[in-house]
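Source file: run23.cif (mmCIF, C-alpha atoms, pLDDT in the B column; chains and numbers go by the auth columns)
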data_input
#
loop_
_atom_site.group_PDB
_atom_site.id
_atom_site.type_symbol
_atom_site.label_atom_id
_atom_site.label_comp_id
_atom_site.label_asym_id
_atom_site.label_seq_id
_atom_site.Cartn_x
_atom_site.Cartn_y
_atom_site.Cartn_z
_atom_site.B_iso_or_equiv
_atom_site.auth_seq_id
_atom_site.auth_asym_id
ATOM 1 C CA MET A 1 0.000 0.000 0.000 71.00 16 A
ATOM 2 C CA SER A 2 1.566 3.266 -1.096 90.00 17 A
ATOM 3 C CA LEU A 3 0.751 6.448 0.804 92.00 18 A
ATOM 4 C CA ASN A 4 1.138 9.909 -0.680 88.00 19 A
ATOM 5 C CA PRO A 5 3.612 12.288 1.058 88.00 20 A
ATOM 6 C CA SER A 6 0.895 14.016 3.092 87.00 21 A
ATOM 7 C CA GLU A 7 -0.481 10.695 4.259 90.00 22 A
ATOM 8 C CA GLU A 8 3.036 9.595 5.208 92.00 23 A
ATOM 9 C CA ARG A 9 3.569 12.769 7.270 91.00 24 A
ATOM 10 C CA LEU A 10 0.222 12.405 9.006 93.00 25 A
ATOM 11 C CA LYS A 11 0.812 8.704 9.698 95.00 26 A
ATOM 12 C CA ALA A 12 4.261 9.429 11.167 94.00 27 A
ATOM 13 C CA TYR A 13 2.841 12.215 13.318 94.00 28 A
ATOM 14 C CA VAL A 14 -0.007 10.116 14.699 96.00 29 A
ATOM 15 C CA GLU A 15 2.157 7.059 15.292 95.00 30 A
ATOM 16 C CA GLY A 16 4.780 9.230 16.990 95.00 31 A
ATOM 17 C CA HIS A 17 2.333 10.663 19.541 95.00 32 A
ATOM 18 C CA ARG A 18 0.826 8.102 21.893 97.00 33 A
ATOM 19 C CA ASP A 19 -2.367 10.026 22.679 97.00 34 A
ATOM 20 C CA GLU A 20 -3.052 10.761 19.025 96.00 35 A
ATOM 21 C CA ARG A 21 -2.383 7.128 18.045 97.00 36 A
ATOM 22 C CA GLN A 22 -4.717 5.867 20.764 97.00 37 A
ATOM 23 C CA HIS A 23 -7.445 8.303 19.704 97.00 38 A
ATOM 24 C CA TRP A 24 -7.299 7.226 16.045 96.00 39 A
ATOM 25 C CA ARG A 25 -6.981 3.528 16.855 97.00 40 A
ATOM 26 C CA GLU A 26 -10.119 3.658 18.982 96.00 41 A
ATOM 27 C CA LYS A 27 -11.952 5.753 16.388 95.00 42 A
ATOM 28 C CA VAL A 28 -11.098 3.256 13.636 95.00 43 A
ATOM 29 C CA ARG A 29 -12.017 0.246 15.775 94.00 44 A
ATOM 30 C CA ALA A 30 -15.336 1.719 16.809 93.00 45 A
ATOM 31 C CA ALA A 31 -16.238 2.731 13.264 92.00 46 A
ATOM 32 C CA SER A 32 -15.310 -0.644 11.780 91.00 47 A
ATOM 33 C CA ALA A 33 -17.054 -2.646 14.506 89.00 48 A
ATOM 34 C CA LYS A 34 -20.473 -1.113 13.903 86.00 49 A
ATOM 35 C CA ALA A 35 -20.318 -0.743 10.128 81.00 50 A
ATOM 36 C CA SER A 36 -21.420 -3.160 7.457 84.00 51 A
ATOM 37 C CA ASP A 37 -19.822 -1.264 4.572 89.00 52 A
ATOM 38 C CA LEU A 38 -16.077 -0.706 5.026 88.00 53 A
ATOM 39 C CA HIS A 39 -15.952 1.492 1.927 91.00 54 A
ATOM 40 C CA GLU A 40 -18.334 3.909 3.615 92.00 55 A
ATOM 41 C CA VAL A 41 -16.271 3.759 6.817 93.00 56 A
ATOM 42 C CA ALA A 42 -13.130 4.614 4.825 94.00 57 A
ATOM 43 C CA ARG A 43 -14.936 7.579 3.234 94.00 58 A
ATOM 44 C CA VAL A 44 -16.015 8.907 6.641 94.00 59 A
ATOM 45 C CA LEU A 45 -12.553 8.361 8.123 96.00 60 A
ATOM 46 C CA GLU A 46 -11.000 10.181 5.171 95.00 61 A
ATOM 47 C CA ARG A 47 -13.243 13.177 5.847 94.00 62 A
ATOM 48 C CA ASP A 48 -12.296 13.099 9.535 95.00 63 A
ATOM 49 C CA LEU A 49 -8.598 12.778 8.704 95.00 64 A
ATOM 50 C CA ARG A 50 -8.826 15.769 6.369 91.00 65 A
ATOM 51 C CA SER A 51 -10.393 17.902 9.126 92.00 66 A
ATOM 52 C CA TYR A 52 -7.788 16.657 11.581 93.00 67 A
ATOM 53 C CA LEU A 53 -4.923 17.454 9.195 91.00 68 A
ATOM 54 C CA ARG A 54 -6.302 20.929 8.538 88.00 69 A
ATOM 55 C CA GLU A 55 -6.483 21.619 12.290 90.00 70 A
ATOM 56 C CA ARG A 56 -3.109 20.091 13.208 90.00 71 A
ATOM 57 C CA ALA A 57 -1.241 21.632 10.250 86.00 72 A
ATOM 58 C CA SER A 58 -2.126 25.060 11.591 84.00 73 A
ATOM 59 C CA VAL A 59 0.008 24.384 14.691 88.00 74 A
ATOM 60 C CA VAL A 60 2.459 21.617 13.665 87.00 75 A
ATOM 61 C CA PRO A 61 4.950 22.825 11.044 85.00 76 A
ATOM 62 C CA ASP A 62 5.953 19.269 10.017 83.00 77 A
ATOM 63 C CA LEU A 63 2.403 18.580 8.860 83.00 78 A
ATOM 64 C CA ARG A 64 2.135 21.648 6.653 77.00 79 A
ATOM 65 C CA GLY A 65 4.504 20.440 3.974 74.00 80 A
ATOM 66 C CA GLY A 66 3.646 23.429 1.810 69.00 81 A
ATOM 67 C CA LEU A 67 -0.086 22.697 1.931 72.00 82 A
ATOM 68 C CA SER A 68 -2.508 25.556 1.727 68.00 83 A
ATOM 69 C CA PRO A 69 -5.990 25.157 3.241 66.00 84 A
ATOM 70 C CA ASP A 70 -7.322 24.780 -0.315 72.00 85 A
ATOM 71 C CA ALA A 71 -4.820 22.018 -1.034 71.00 86 A
ATOM 72 C CA VAL A 72 -5.887 20.120 2.103 73.00 87 A
ATOM 73 C CA ALA A 73 -9.488 20.258 0.905 71.00 88 A
ATOM 74 C CA ARG A 74 -8.491 18.512 -2.341 79.00 89 A
ATOM 75 C CA LEU A 75 -6.032 16.092 -0.769 83.00 90 A
ATOM 76 C CA SER A 76 -6.840 12.386 -0.771 89.00 91 A
ATOM 77 C CA LEU A 77 -6.359 10.644 2.558 92.00 92 A
ATOM 78 C CA ARG A 78 -8.338 7.572 1.500 94.00 93 A
ATOM 79 C CA THR A 79 -5.342 5.241 1.370 94.00 94 A
ATOM 80 C CA LEU A 80 -4.362 6.119 4.942 95.00 95 A
ATOM 81 C CA ALA A 81 -7.961 5.551 6.083 95.00 96 A
ATOM 82 C CA GLU A 82 -8.016 2.146 4.361 95.00 97 A
ATOM 83 C CA TYR A 83 -4.590 1.262 5.766 95.00 98 A
ATOM 84 C CA TRP A 84 -5.675 2.010 9.334 95.00 99 A
ATOM 85 C CA LEU A 85 -8.869 0.044 8.792 94.00 100 A
ATOM 86 C CA ARG A 86 -6.763 -2.973 7.826 93.00 101 A
ATOM 87 C CA VAL A 87 -4.295 -2.522 10.691 94.00 102 A
ATOM 88 C CA TRP A 88 -6.572 -1.353 13.504 93.00 103 A
ATOM 89 C CA GLY A 89 -10.064 -2.306 12.378 88.00 104 A
ATOM 90 C CA GLU A 90 -12.093 -5.120 13.849 79.00 105 A
ATOM 91 C CA PRO A 91 -11.422 -8.421 12.086 77.00 106 A
ATOM 92 C CA ARG A 92 -14.189 -9.532 9.744 67.00 107 A
ATOM 93 C CA ARG A 93 -15.466 -13.047 9.463 64.00 108 A
ATOM 94 C CA LYS A 94 -15.358 -14.455 5.988 60.00 109 A
ATOM 95 C CA ALA A 95 -18.602 -15.691 4.544 57.00 110 A
ATOM 96 C CA ALA A 96 -19.056 -19.414 4.919 59.00 111 A
ATOM 97 C CA SER A 97 -18.431 -21.250 1.689 58.00 112 A
ATOM 98 C CA SER A 98 -20.826 -23.855 0.417 55.00 113 A
ATOM 99 C CA GLY A 99 -20.032 -27.506 0.998 54.00 114 A
ATOM 100 C CA LYS A 100 -19.766 -28.129 -2.752 54.00 115 A
ATOM 101 C CA ALA A 101 -16.530 -26.182 -3.007 51.00 116 A
ATOM 102 C CA ASN A 102 -15.002 -28.356 -0.317 53.00 117 A
ATOM 103 C CA GLU A 103 -16.193 -31.543 -2.016 53.00 118 A
ATOM 104 C CA ALA A 104 -14.312 -30.704 -5.192 53.00 119 A
ATOM 105 C CA ARG A 105 -10.978 -30.462 -3.399 50.00 120 A
ATOM 106 C CA PRO A 106 -8.792 -33.545 -3.527 47.00 121 A
ATOM 107 C CA THR A 107 -7.826 -34.953 -0.158 48.00 122 A
ATOM 108 C CA LEU A 108 -4.532 -36.459 0.833 52.00 123 A
ATOM 109 C CA ASP A 109 -5.019 -39.873 2.428 44.00 124 A
#

Can I see the file as structure tokens?
Amino acid sequence: MSLNPSEERLKAYVEGHRDERQHWREKVRAASAKASDLHEVARVLERDLRSYLRERASVVPDLRGGLSPDAVARLSLRTLAEYWLRVWGEPRRKAASSGKANEARPTLD
């Protein structure tokens, strides 16, 4: 999974600050646990990450990276949202497969 430079900076910032990391980990876990559509969860998390980046970049020089407020509004943070969903999200159960698929598999006796 390849993050853009802004996503990399934001990821490094969050992972480097225990309170921030804990906040986002819990936010991701809670959102993924109650959602049925992970694509929608990623979209909502991206919106929240964009707001968070806009707020934090105003006080943390390392997060600015030459971004104007207009640039933050157009910036994609979807890959970071999806990455954190994979890393921190609640595990999903796979759908049970039908018995026919298992019958077609050869067995080693």

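Distance-wise, atom CA of Gln37 of chain A and atom CA of Leu68 of chain A end up 16.4 Å apart.
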
Matched chain/residue IDs from the PyMOL selection byres ((chain A and resi 17) around 12), as number ranges by chain
A: 16, 18-23, 92-95, 97-98

Expand the PyMOL selection byres ((chain A and resi 46) around 12) into the explicit residue set it covers here, and present it as a list of chain:residue names.
A:Trp39, A:Arg40, A:Glu41, A:Lys42, A:Val43, A:Arg44, A:Ala45, A:Ser47, A:Ala48, A:Lys49, A:Ala50, A:Ser51, A:Asp52, A:Leu53, A:His54, A:Glu55, A:Val56, A:Ala57, A:Arg58, A:Val59, A:Leu60, A:Asp63, A:Ala96, A:Trp99, A:Leu100, A:Trp103, A:Gly104, A:Glu105

What is the distance between atom CA of Leu78 of chain A and atom CA of Arg24 of chain A, in Å to one decimal?
6.1 Å

What gap, in Å, lies between atom CA of Arg89 of chain A and atom CA of Asp77 of chain A?
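Interatomic distance here is 19.0 Å.
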
Per-axis box centre and lengths in Å around segment 88-96 of chain A, 8 Å margin per side, axis-aligned, as lines of an AutoDock Vina configuration file:
center_x = -6.9
center_y = 12.7
center_z = 1.9
size_x = 21.1
size_y = 31.0
size_z = 24.4

Env of Tyr67 of chain A: 12 Å cut, atoms = all atoms listed in the file, seq-sep filter 5 positions within chain, self excluded. Answer as a count of residues only.
19
